[in-house]
>>> print(open('work-v6.pdb').read())   # PDB, C-alpha atoms, pLDDT in the B column
ATOM      1  CA  MET R   1      -9.894 -16.770  -5.267  1.00 54.00           C
ATOM      2  CA  GLU R   2      -9.639 -20.170  -7.018  1.00 55.00           C
ATOM      3  CA  LEU R   3      -6.392 -21.855  -6.054  1.00 60.00           C
ATOM      4  CA  ARG R   4      -7.424 -25.469  -5.540  1.00 54.00           C
ATOM      5  CA  ASN R   5      -4.469 -27.799  -6.105  1.00 56.00           C
ATOM      6  CA  THR R   6      -3.281 -31.090  -4.649  1.00 54.00           C
ATOM      7  CA  PRO R   7      -0.059 -30.686  -2.661  1.00 54.00           C
ATOM      8  CA  PRO R   8       2.735 -32.996  -3.865  1.00 51.00           C
ATOM      9  CA  ARG R   9       5.120 -34.918  -1.645  1.00 44.00           C
ATOM     10  CA  THR R  10       7.594 -32.079  -1.337  1.00 55.00           C
ATOM     11  CA  SER R  11       8.178 -29.332   1.175  1.00 86.00           C
ATOM     12  CA  LEU R  12       4.836 -27.604   1.600  1.00 89.00           C
ATOM     13  CA  SER R  13       6.538 -24.213   1.712  1.00 89.00           C
ATOM     14  CA  GLU R  14       8.290 -24.946  -1.597  1.00 89.00           C
ATOM     15  CA  TYR R  15       5.008 -26.144  -3.082  1.00 91.00           C
ATOM     16  CA  VAL R  16       3.131 -22.993  -2.025  1.00 93.00           C
ATOM     17  CA  LEU R  17       6.020 -20.825  -3.222  1.00 89.00           C
ATOM     18  CA  ALA R  18       5.998 -22.448  -6.675  1.00 83.00           C
ATOM     19  CA  VAL R  19       2.224 -22.101  -7.053  1.00 90.00           C
ATOM     20  CA  LEU R  20       2.179 -18.449  -5.981  1.00 91.00           C
ATOM     21  CA  ARG R  21       5.144 -17.575  -8.202  1.00 82.00           C
ATOM     22  CA  GLU R  22       3.365 -19.061 -11.198  1.00 77.00           C
ATOM     23  CA  LYS R  23       0.066 -17.324 -10.467  1.00 85.00           C
ATOM     24  CA  ILE R  24       1.774 -13.957  -9.973  1.00 82.00           C
ATOM     25  CA  ALA R  25       3.853 -14.394 -13.112  1.00 70.00           C
ATOM     26  CA  THR R  26       0.819 -15.277 -15.225  1.00 70.00           C
ATOM     27  CA  GLY R  27      -1.310 -12.483 -13.778  1.00 75.00           C
ATOM     28  CA  GLU R  28      -3.825 -14.812 -12.138  1.00 87.00           C
ATOM     29  CA  LEU R  29      -2.882 -12.999  -8.945  1.00 90.00           C
ATOM     30  CA  ALA R  30      -2.973  -9.402 -10.157  1.00 86.00           C
ATOM     31  CA  PRO R  31      -0.647  -6.531  -9.190  1.00 86.00           C
ATOM     32  CA  GLY R  32      -1.938  -4.892  -6.015  1.00 90.00           C
ATOM     33  CA  GLN R  33      -4.136  -7.874  -5.105  1.00 95.00           C
ATOM     34  CA  HIS R  34      -4.479  -8.631  -1.390  1.00 96.00           C
ATOM     35  CA  LEU R  35      -3.065 -12.060  -0.526  1.00 97.00           C
ATOM     36  CA  ARG R  36      -4.983 -13.298   2.517  1.00 95.00           C
ATOM     37  CA  GLU R  37      -3.239 -16.124   4.335  1.00 94.00           C
ATOM     38  CA  MET R  38      -6.411 -17.971   5.315  1.00 95.00           C
ATOM     39  CA  GLU R  39      -7.799 -17.925   1.754  1.00 95.00           C
ATOM     40  CA  LEU R  40      -4.509 -19.064   0.263  1.00 96.00           C
ATOM     41  CA  ALA R  41      -4.122 -21.838   2.823  1.00 95.00           C
ATOM     42  CA  ALA R  42      -7.660 -23.107   2.218  1.00 95.00           C
ATOM     43  CA  GLY R  43      -7.278 -22.935  -1.551  1.00 95.00           C
ATOM     44  CA  LEU R  44      -4.012 -24.864  -1.492  1.00 94.00           C
ATOM     45  CA  ASP R  45      -5.120 -27.285   1.250  1.00 93.00           C
ATOM     46  CA  VAL R  46      -2.228 -26.433   3.574  1.00 94.00           C
ATOM     47  CA  SER R  47      -1.845 -24.747   6.949  1.00 94.00           C
ATOM     48  CA  ARG R  48      -1.048 -21.045   7.244  1.00 94.00           C
ATOM     49  CA  GLY R  49       2.608 -21.737   8.153  1.00 93.00           C
ATOM     50  CA  PRO R  50       3.802 -22.712   4.647  1.00 94.00           C
ATOM     51  CA  VAL R  51       1.822 -19.806   3.188  1.00 95.00           C
ATOM     52  CA  ARG R  52       3.479 -17.369   5.574  1.00 94.00           C
ATOM     53  CA  ASP R  53       6.936 -18.777   4.723  1.00 94.00           C
ATOM     54  CA  ALA R  54       6.245 -18.516   0.989  1.00 94.00           C
ATOM     55  CA  LEU R  55       5.019 -14.917   1.278  1.00 95.00           C
ATOM     56  CA  ALA R  56       8.173 -13.968   3.180  1.00 93.00           C
ATOM     57  CA  LEU R  57      10.341 -15.414   0.403  1.00 87.00           C
ATOM     58  CA  LEU R  58       8.285 -13.675  -2.262  1.00 89.00           C
ATOM     59  CA  GLU R  59       8.738 -10.419  -0.379  1.00 88.00           C
ATOM     60  CA  SER R  60      12.519 -10.913  -0.416  1.00 80.00           C
ATOM     61  CA  GLU R  61      12.292 -11.382  -4.211  1.00 75.00           C
ATOM     62  CA  GLY R  62      10.278  -8.191  -4.630  1.00 77.00           C
ATOM     63  CA  GLN R  63       7.152  -9.956  -5.879  1.00 83.00           C
ATOM     64  CA  VAL R  64       5.100  -9.335  -2.758  1.00 91.00           C
ATOM     65  CA  GLU R  65       4.841  -6.379  -0.409  1.00 92.00           C
ATOM     66  CA  ILE R  66       3.973  -7.055   3.230  1.00 93.00           C
ATOM     67  CA  LYS R  67       2.415  -4.004   4.866  1.00 93.00           C
ATOM     68  CA  ARG R  68       2.184  -3.664   8.617  1.00 89.00           C
ATOM     69  CA  HIS R  69      -1.322  -4.327   9.977  1.00 88.00           C
ATOM     70  CA  ARG R  70      -2.622  -4.799   6.421  1.00 93.00           C
ATOM     71  CA  GLY R  71      -1.062  -8.010   5.148  1.00 94.00           C
ATOM     72  CA  ALA R  72       0.540  -9.107   1.892  1.00 96.00           C
ATOM     73  CA  PHE R  73      -0.116  -7.672  -1.565  1.00 96.00           C
ATOM     74  CA  VAL R  74       1.157  -8.584  -5.025  1.00 93.00           C
ATOM     75  CA  SER R  75       3.800  -6.011  -5.963  1.00 87.00           C
ATOM     76  CA  VAL R  76       2.993  -3.419  -8.606  1.00 85.00           C
ATOM     77  CA  LEU R  77       5.529  -3.249 -11.436  1.00 80.00           C
ATOM     78  CA  THR R  78       7.014   0.252 -11.757  1.00 85.00           C
ATOM     79  CA  GLN R  79       9.497   1.944 -14.073  1.00 85.00           C
ATOM     80  CA  VAL R  80      12.103   1.786 -11.313  1.00 88.00           C
ATOM     81  CA  ASP R  81      11.610  -1.978 -10.892  1.00 86.00           C
ATOM     82  CA  VAL R  82      12.136  -2.554 -14.609  1.00 87.00           C
ATOM     83  CA  GLU R  83      15.282  -0.420 -14.711  1.00 91.00           C
ATOM     84  CA  GLU R  84      16.814  -2.011 -11.617  1.00 92.00           C
ATOM     85  CA  VAL R  85      16.178  -5.615 -12.619  1.00 90.00           C
ATOM     86  CA  HIS R  86      17.341  -4.984 -16.183  1.00 92.00           C
ATOM     87  CA  THR R  87      20.611  -3.310 -15.194  1.00 95.00           C
ATOM     88  CA  PHE R  88      21.355  -5.971 -12.577  1.00 96.00           C
ATOM     89  CA  ARG R  89      20.570  -8.785 -15.006  1.00 96.00           C
ATOM     90  CA  ALA R  90      22.663  -7.153 -17.739  1.00 96.00           C
ATOM     91  CA  ALA R  91      25.628  -6.976 -15.358  1.00 97.00           C
ATOM     92  CA  ILE R  92      25.512 -10.632 -14.304  1.00 98.00           C
ATOM     93  CA  GLU R  93      24.478 -12.067 -17.667  1.00 97.00           C
ATOM     94  CA  SER R  94      27.224 -10.347 -19.620  1.00 97.00           C
ATOM     95  CA  LEU R  95      29.715 -11.913 -17.215  1.00 98.00           C
ATOM     96  CA  ALA R  96      27.953 -15.283 -17.485  1.00 98.00           C
ATOM     97  CA  ALA R  97      28.151 -15.163 -21.281  1.00 98.00           C
ATOM     98  CA  GLU R  98      31.808 -14.132 -21.158  1.00 98.00           C
ATOM     99  CA  ARG R  99      32.658 -17.131 -18.967  1.00 98.00           C
ATOM    100  CA  ALA R 100      30.373 -19.554 -20.807  1.00 98.00           C
ATOM    101  CA  ALA R 101      32.057 -18.787 -24.147  1.00 98.00           C
ATOM    102  CA  THR R 102      35.087 -20.852 -23.133  1.00 98.00           C
ATOM    103  CA  ARG R 103      33.233 -23.400 -20.982  1.00 98.00           C
ATOM    104  CA  MET R 104      30.318 -24.551 -23.143  1.00 98.00           C
ATOM    105  CA  THR R 105      30.271 -28.335 -23.557  1.00 98.00           C
ATOM    106  CA  PRO R 106      28.578 -30.405 -26.282  1.00 98.00           C
ATOM    107  CA  ALA R 107      25.840 -31.144 -23.723  1.00 98.00           C
ATOM    108  CA  HIS R 108      25.241 -27.424 -23.186  1.00 98.00           C
ATOM    109  CA  PHE R 109      24.987 -26.775 -26.929  1.00 98.00           C
ATOM    110  CA  ALA R 110      22.670 -29.781 -27.326  1.00 98.00           C
ATOM    111  CA  GLU R 111      20.345 -28.351 -24.683  1.00 98.00           C
ATOM    112  CA  LEU R 112      20.418 -24.888 -26.273  1.00 98.00           C
ATOM    113  CA  ASP R 113      19.554 -26.470 -29.619  1.00 98.00           C
ATOM    114  CA  ARG R 114      16.686 -28.424 -28.040  1.00 97.00           C
ATOM    115  CA  VAL R 115      15.222 -25.196 -26.636  1.00 97.00           C
ATOM    116  CA  LEU R 116      15.808 -23.385 -29.925  1.00 96.00           C
ATOM    117  CA  ASP R 117      13.951 -26.135 -31.799  1.00 95.00           C
ATOM    118  CA  ALA R 118      11.014 -25.678 -29.422  1.00 94.00           C
ATOM    119  CA  MET R 119      11.113 -21.910 -29.993  1.00 92.00           C
ATOM    120  CA  LYS R 120      11.155 -22.433 -33.751  1.00 90.00           C
ATOM    121  CA  GLU R 121       8.016 -24.551 -33.504  1.00 87.00           C
ATOM    122  CA  THR R 122       6.076 -21.700 -31.864  1.00 80.00           C
ATOM    123  CA  SER R 123       5.455 -20.053 -35.234  1.00 64.00           C
ATOM    124  CA  GLY R 124       1.976 -18.545 -35.283  1.00 65.00           C
ATOM    125  CA  SER R 125       1.129 -18.156 -31.618  1.00 75.00           C
ATOM    126  CA  VAL R 126       2.296 -19.237 -28.193  1.00 82.00           C
ATOM    127  CA  ALA R 127       0.931 -18.646 -24.699  1.00 82.00           C
ATOM    128  CA  PRO R 128       2.875 -15.898 -22.891  1.00 81.00           C
ATOM    129  CA  GLN R 129       3.870 -18.211 -20.025  1.00 78.00           C
ATOM    130  CA  GLU R 130       5.162 -20.864 -22.449  1.00 87.00           C
ATOM    131  CA  ALA R 131       7.224 -18.231 -24.252  1.00 89.00           C
ATOM    132  CA  VAL R 132       8.775 -17.207 -20.932  1.00 88.00           C
ATOM    133  CA  ARG R 133       9.434 -20.838 -19.981  1.00 90.00           C
ATOM    134  CA  LEU R 134      11.410 -21.380 -23.178  1.00 94.00           C
ATOM    135  CA  ASP R 135      13.211 -18.052 -22.815  1.00 94.00           C
ATOM    136  CA  LEU R 136      14.378 -18.799 -19.283  1.00 95.00           C
ATOM    137  CA  ALA R 137      15.266 -22.410 -20.108  1.00 96.00           C
ATOM    138  CA  PHE R 138      17.744 -21.053 -22.665  1.00 97.00           C
ATOM    139  CA  HIS R 139      19.319 -18.661 -20.180  1.00 97.00           C
ATOM    140  CA  ASP R 140      19.472 -21.317 -17.441  1.00 97.00           C
ATOM    141  CA  VAL R 141      21.900 -23.218 -19.683  1.00 98.00           C
ATOM    142  CA  LEU R 142      24.040 -20.104 -20.070  1.00 97.00           C
ATOM    143  CA  TYR R 143      24.406 -19.689 -16.302  1.00 98.00           C
ATOM    144  CA  ASP R 144      25.113 -23.393 -15.841  1.00 98.00           C
ATOM    145  CA  ALA R 145      27.862 -23.227 -18.457  1.00 98.00           C
ATOM    146  CA  ALA R 146      29.396 -20.183 -16.758  1.00 98.00           C
ATOM    147  CA  ASP R 147      30.342 -22.495 -13.855  1.00 98.00           C
ATOM    148  CA  HIS R 148      30.197 -19.757 -11.227  1.00 98.00           C
ATOM    149  CA  GLN R 149      28.191 -20.460  -8.068  1.00 97.00           C
ATOM    150  CA  ARG R 150      27.706 -16.840  -7.040  1.00 97.00           C
ATOM    151  CA  LEU R 151      26.543 -15.885 -10.521  1.00 97.00           C
ATOM    152  CA  SER R 152      24.068 -18.767 -10.438  1.00 96.00           C
ATOM    153  CA  ARG R 153      22.752 -17.682  -7.048  1.00 94.00           C
ATOM    154  CA  ALA R 154      22.388 -14.099  -8.292  1.00 95.00           C
ATOM    155  CA  TRP R 155      20.414 -15.368 -11.302  1.00 94.00           C
ATOM    156  CA  ILE R 156      18.160 -17.519  -9.119  1.00 89.00           C
ATOM    157  CA  SER R 157      17.486 -14.517  -6.870  1.00 84.00           C
ATOM    158  CA  ILE R 158      15.956 -12.528  -9.752  1.00 88.00           C
ATOM    159  CA  ARG R 159      14.729 -15.330 -12.020  1.00 87.00           C
ATOM    160  CA  SER R 160      11.120 -15.181 -10.832  1.00 79.00           C
ATOM    161  CA  GLN R 161      11.097 -11.392 -11.225  1.00 82.00           C
ATOM    162  CA  VAL R 162      12.464 -11.806 -14.756  1.00 87.00           C
ATOM    163  CA  PHE R 163       9.674 -14.341 -15.399  1.00 82.00           C
ATOM    164  CA  PHE R 164       7.125 -11.757 -14.264  1.00 78.00           C
ATOM    165  CA  PHE R 165       8.667  -8.995 -16.384  1.00 83.00           C
ATOM    166  CA  LEU R 166       8.966 -11.188 -19.489  1.00 85.00           C
ATOM    167  CA  HIS R 167       5.390 -12.346 -19.099  1.00 79.00           C
ATOM    168  CA  THR R 168       4.261  -8.711 -18.937  1.00 79.00           C
ATOM    169  CA  ARG R 169       6.328  -7.989 -22.040  1.00 81.00           C
ATOM    170  CA  ASN R 170       4.906 -10.986 -23.943  1.00 81.00           C
ATOM    171  CA  VAL R 171       1.302 -10.129 -23.070  1.00 77.00           C
ATOM    172  CA  ASN R 172       1.739  -6.588 -24.362  1.00 78.00           C
ATOM    173  CA  PHE R 173       4.070  -7.443 -27.270  1.00 80.00           C
ATOM    174  CA  PRO R 174       3.025 -10.910 -28.540  1.00 80.00           C
ATOM    175  CA  ASP R 175       5.902 -11.134 -30.997  1.00 82.00           C
ATOM    176  CA  PHE R 176       7.793 -14.063 -29.458  1.00 85.00           C
ATOM    177  CA  PRO R 177       7.048 -16.394 -32.414  1.00 82.00           C
ATOM    178  CA  THR R 178       8.763 -13.816 -34.638  1.00 87.00           C
ATOM    179  CA  VAL R 179      11.709 -12.647 -32.524  1.00 88.00           C
ATOM    180  CA  GLY R 180      12.214 -15.409 -29.929  1.00 90.00           C
ATOM    181  CA  TYR R 181      14.045 -17.908 -32.119  1.00 92.00           C
ATOM    182  CA  PRO R 182      16.295 -15.551 -34.156  1.00 93.00           C
ATOM    183  CA  GLU R 183      17.351 -13.475 -31.146  1.00 93.00           C
ATOM    184  CA  HIS R 184      18.301 -16.544 -29.093  1.00 96.00           C
ATOM    185  CA  HIS R 185      19.885 -18.241 -32.092  1.00 97.00           C
ATOM    186  CA  ASP R 186      22.154 -15.218 -32.562  1.00 97.00           C
ATOM    187  CA  LEU R 187      23.290 -15.517 -28.948  1.00 97.00           C
ATOM    188  CA  ARG R 188      23.892 -19.252 -29.355  1.00 98.00           C
ATOM    189  CA  MET R 189      26.077 -18.642 -32.414  1.00 98.00           C
ATOM    190  CA  ALA R 190      28.045 -15.952 -30.588  1.00 98.00           C
ATOM    191  CA  LEU R 191      28.738 -18.414 -27.755  1.00 98.00           C
ATOM    192  CA  ALA R 192      29.876 -20.999 -30.301  1.00 98.00           C
ATOM    193  CA  LYS R 193      32.681 -18.680 -31.428  1.00 98.00           C
ATOM    194  CA  GLY R 194      34.417 -19.266 -28.103  1.00 98.00           C
ATOM    195  CA  ASP R 195      35.359 -15.577 -27.816  1.00 98.00           C
ATOM    196  CA  PRO R 196      34.468 -14.026 -24.422  1.00 98.00           C
ATOM    197  CA  ALA R 197      34.293 -10.478 -25.807  1.00 98.00           C
ATOM    198  CA  VAL R 198      31.965 -11.518 -28.625  1.00 98.00           C
ATOM    199  CA  ALA R 199      29.737 -13.444 -26.210  1.00 98.00           C
ATOM    200  CA  ARG R 200      29.548 -10.504 -23.781  1.00 98.00           C
ATOM    201  CA  ALA R 201      28.567  -8.083 -26.545  1.00 97.00           C
ATOM    202  CA  ALA R 202      25.944 -10.504 -27.868  1.00 97.00           C
ATOM    203  CA  ALA R 203      24.401 -10.939 -24.407  1.00 97.00           C
ATOM    204  CA  GLU R 204      24.211  -7.179 -23.894  1.00 95.00           C
ATOM    205  CA  GLU R 205      22.529  -6.685 -27.271  1.00 94.00           C
ATOM    206  CA  HIS R 206      20.181  -9.598 -26.632  1.00 94.00           C
ATOM    207  CA  LEU R 207      18.877  -8.150 -23.368  1.00 93.00           C
ATOM    208  CA  SER R 208      18.290  -4.698 -24.775  1.00 90.00           C
ATOM    209  CA  GLY R 209      15.276  -5.828 -26.834  1.00 82.00           C
ATOM    210  CA  ALA R 210      13.009  -6.894 -23.974  1.00 79.00           C
ATOM    211  CA  TYR R 211      14.040  -3.842 -21.945  1.00 84.00           C
ATOM    212  CA  THR R 212      13.193  -1.503 -24.815  1.00 85.00           C
ATOM    213  CA  ARG R 213       9.732  -3.055 -25.133  1.00 81.00           C
ATOM    214  CA  LEU R 214       9.058  -2.886 -21.378  1.00 79.00           C
ATOM    215  CA  ARG R 215      10.023   0.790 -21.338  1.00 81.00           C
ATOM    216  CA  GLN R 216       7.291   1.430 -23.891  1.00 81.00           C
ATOM    217  CA  LEU R 217       4.630   0.328 -21.403  1.00 77.00           C
ATOM    218  CA  GLU R 218       2.825   2.984 -19.383  1.00 75.00           C
ATOM    219  CA  LEU R 219       4.063   1.738 -16.029  1.00 73.00           C
ATOM    220  CA  PRO R 220       3.548   3.726 -12.823  1.00 72.00           C
ATOM    221  CA  THR R 221       6.431   5.638 -11.289  1.00 73.00           C
ATOM    222  CA  GLU R 222       7.630   4.916  -7.775  1.00 65.00           C
ATOM    223  CA  SER R 223       5.501   7.801  -6.448  1.00 60.00           C
ATOM    224  CA  ASP R 224       2.413   6.158  -7.983  1.00 59.00           C
ATOM    225  CA  ARG R 225       2.973   2.850  -6.165  1.00 60.00           C
ATOM    226  CA  PRO R 226       0.015   2.010  -3.870  1.00 57.00           C
ATOM    227  CA  ARG R 227       0.774   2.690  -0.209  1.00 60.00           C
TER     228      ARG R 227
END
>>> encode(input="work-v6.pdb", output="structure tokens")
Amino acid sequence: MELRNTPPRTSLSEYVLAVLREKIATGELAPGQHLREMELAAGLDVSRGPVRDALALLESEGQVEIKRHRGAFVSVLTQVDVEEVHTFRAAIESLAAERAATRMTPAHFAELDRVLDAMKETSGSVAPQEAVRLDLAFHDVLYDAADHQRLSRAWISIRSQVFFFLHTRNVNFPDFPTVGYPEHHDLRMALAKGDPAVARAAAEEHLSGAYTRLRQLELPTESDRPR
């Protein structure tokens, strides 16, 4: 397992968490893969403590499963996982869009336009992880504009799972250069109307696309999840 990195001057637990999140999201650590503390610690040049802390946080996010007497494993994406995360995200994001419609500032719109310009430049091809980075950067602005701490915390709690799901979607449906810009531009224009109802409807429609594509994948059911 090649994980060699140089730890930065930040919390070691946060560093390990960020590295593992990225490697799970990009598939470098595959679904069902055994995550051995000693190997991870050696690969990241840290002690086992920060690795253990990071695995516990990843378990709370649903990205890792810790099995008694067996250790930690990368979670396997199932149909139930997709449905639960989508419905939860749809609930909080529709509210975020509704609130943001009357709270967007020029700075928020400038940041959305910066991200949209980057999306527009991805014509041709774009790496799946870069597509997800741009996608989430757009939605981060939406939650910031909503000005609601509990909504922001709810978004943060599922953001890494959404990253993982969107990456899976982009690997299997590499159409981000075609649909990424127009779909996000439509949402931006709906927010610009300043009408909460219009913004809510646009957010709900926006999220349905990725969910529809994920449902087309042959994902295991809950009963098929490795025990």
>>> resolve_selection(input="work-v6.pdb", expression="the PyMOL selection byres ((chain R and resi 67) around 12)", output="list in words")
Gly32, His34, Leu35, Leu55, Ala56, Glu59, Val64, Glu65, Ile66, Arg68, His69, Arg70, Gly71, Ala72, Phe73, Val74, Ser75, Pro226 and Arg227 of chain R
>>> resolve_selection(input="work-v6.pdb", expression="the PyMOL selection byres ((chain R and resi 152) around 12)", output="PyMOL selection string")
chain R and resi 89+92-93+95-96+139-151+153-159
>>> closest_residue(input="work-v6.pdb", among="R:Ala30, R:Ala202, R:Ala137, R:Ala131", to="R:Phe176", atoms="all atoms listed in the file")
R:Ala131
>>> atom_distance(input="work-v6.pdb", atom1="atom CA of R:Pro50", atom2="atom CA of R:His167")
26.0 Å
>>> closest_residue(input="work-v6.pdb", among="R:Asp53, R:Asp45, R:Glu204, R:Glu61", to="R:Ala90", atoms="all atoms listed in the file")
R:Glu204
>>> atom_distance(input="work-v6.pdb", atom1="atom CA of R:Gly180", atom2="atom CA of R:Arg114")
13.9 Å
>>> build_atoms(input="work-v6.pdb", residues="stretch 20-33 of chain R", atoms="N, CA, C and O atoms", output="tab-separated table (two decimals), in the frame of the given file")
chain	number	residue	atom	x	y	z
R	20	LEU	N	2.39	-19.90	-6.02
R	20	LEU	CA	2.18	-18.45	-5.98
R	20	LEU	C	3.04	-17.72	-7.01
R	20	LEU	O	2.60	-16.76	-7.64
R	21	ARG	N	4.29	-18.17	-7.18
R	21	ARG	CA	5.14	-17.58	-8.20
R	21	ARG	C	4.48	-17.66	-9.58
R	21	ARG	O	4.47	-16.70	-10.34
R	22	GLU	N	3.97	-18.85	-9.89
R	22	GLU	CA	3.36	-19.06	-11.20
R	22	GLU	C	2.13	-18.17	-11.38
R	22	GLU	O	1.94	-17.56	-12.44
R	23	LYS	N	1.31	-18.09	-10.35
R	23	LYS	CA	0.07	-17.32	-10.47
R	23	LYS	C	0.33	-15.81	-10.51
R	23	LYS	O	-0.41	-15.07	-11.16
R	24	ILE	N	1.40	-15.37	-9.87
R	24	ILE	CA	1.77	-13.96	-9.97
R	24	ILE	C	2.34	-13.68	-11.35
R	24	ILE	O	2.02	-12.69	-12.00
R	25	ALA	N	3.21	-14.59	-11.81
R	25	ALA	CA	3.85	-14.39	-13.11
R	25	ALA	C	2.84	-14.37	-14.25
R	25	ALA	O	2.99	-13.61	-15.21
R	26	THR	N	1.80	-15.20	-14.15
R	26	THR	CA	0.82	-15.28	-15.22
R	26	THR	C	-0.29	-14.25	-15.09
R	26	THR	O	-1.14	-14.12	-15.98
R	27	GLY	N	-0.29	-13.51	-13.97
R	27	GLY	CA	-1.31	-12.48	-13.78
R	27	GLY	C	-2.58	-12.99	-13.14
R	27	GLY	O	-3.53	-12.22	-12.94
R	28	GLU	N	-2.64	-14.28	-12.81
R	28	GLU	CA	-3.82	-14.81	-12.14
R	28	GLU	C	-4.00	-14.14	-10.77
R	28	GLU	O	-5.13	-13.92	-10.32
R	29	LEU	N	-2.88	-13.86	-10.13
R	29	LEU	CA	-2.88	-13.00	-8.94
R	29	LEU	C	-2.38	-11.64	-9.43
R	29	LEU	O	-1.21	-11.49	-9.78
R	30	ALA	N	-3.26	-10.67	-9.48
R	30	ALA	CA	-2.97	-9.40	-10.16
R	30	ALA	C	-2.15	-8.44	-9.29
R	30	ALA	O	-2.19	-8.51	-8.06
R	31	PRO	N	-1.39	-7.55	-9.93
R	31	PRO	CA	-0.65	-6.53	-9.19
R	31	PRO	C	-1.57	-5.75	-8.26
R	31	PRO	O	-2.67	-5.33	-8.66
R	32	GLY	N	-1.15	-5.61	-7.00
R	32	GLY	CA	-1.94	-4.89	-6.02
R	32	GLY	C	-2.95	-5.76	-5.29
R	32	GLY	O	-3.58	-5.30	-4.33
R	33	GLN	N	-3.12	-7.02	-5.72
R	33	GLN	CA	-4.14	-7.87	-5.11
R	33	GLN	C	-3.74	-8.27	-3.69
R	33	GLN	O	-2.58	-8.59	-3.41
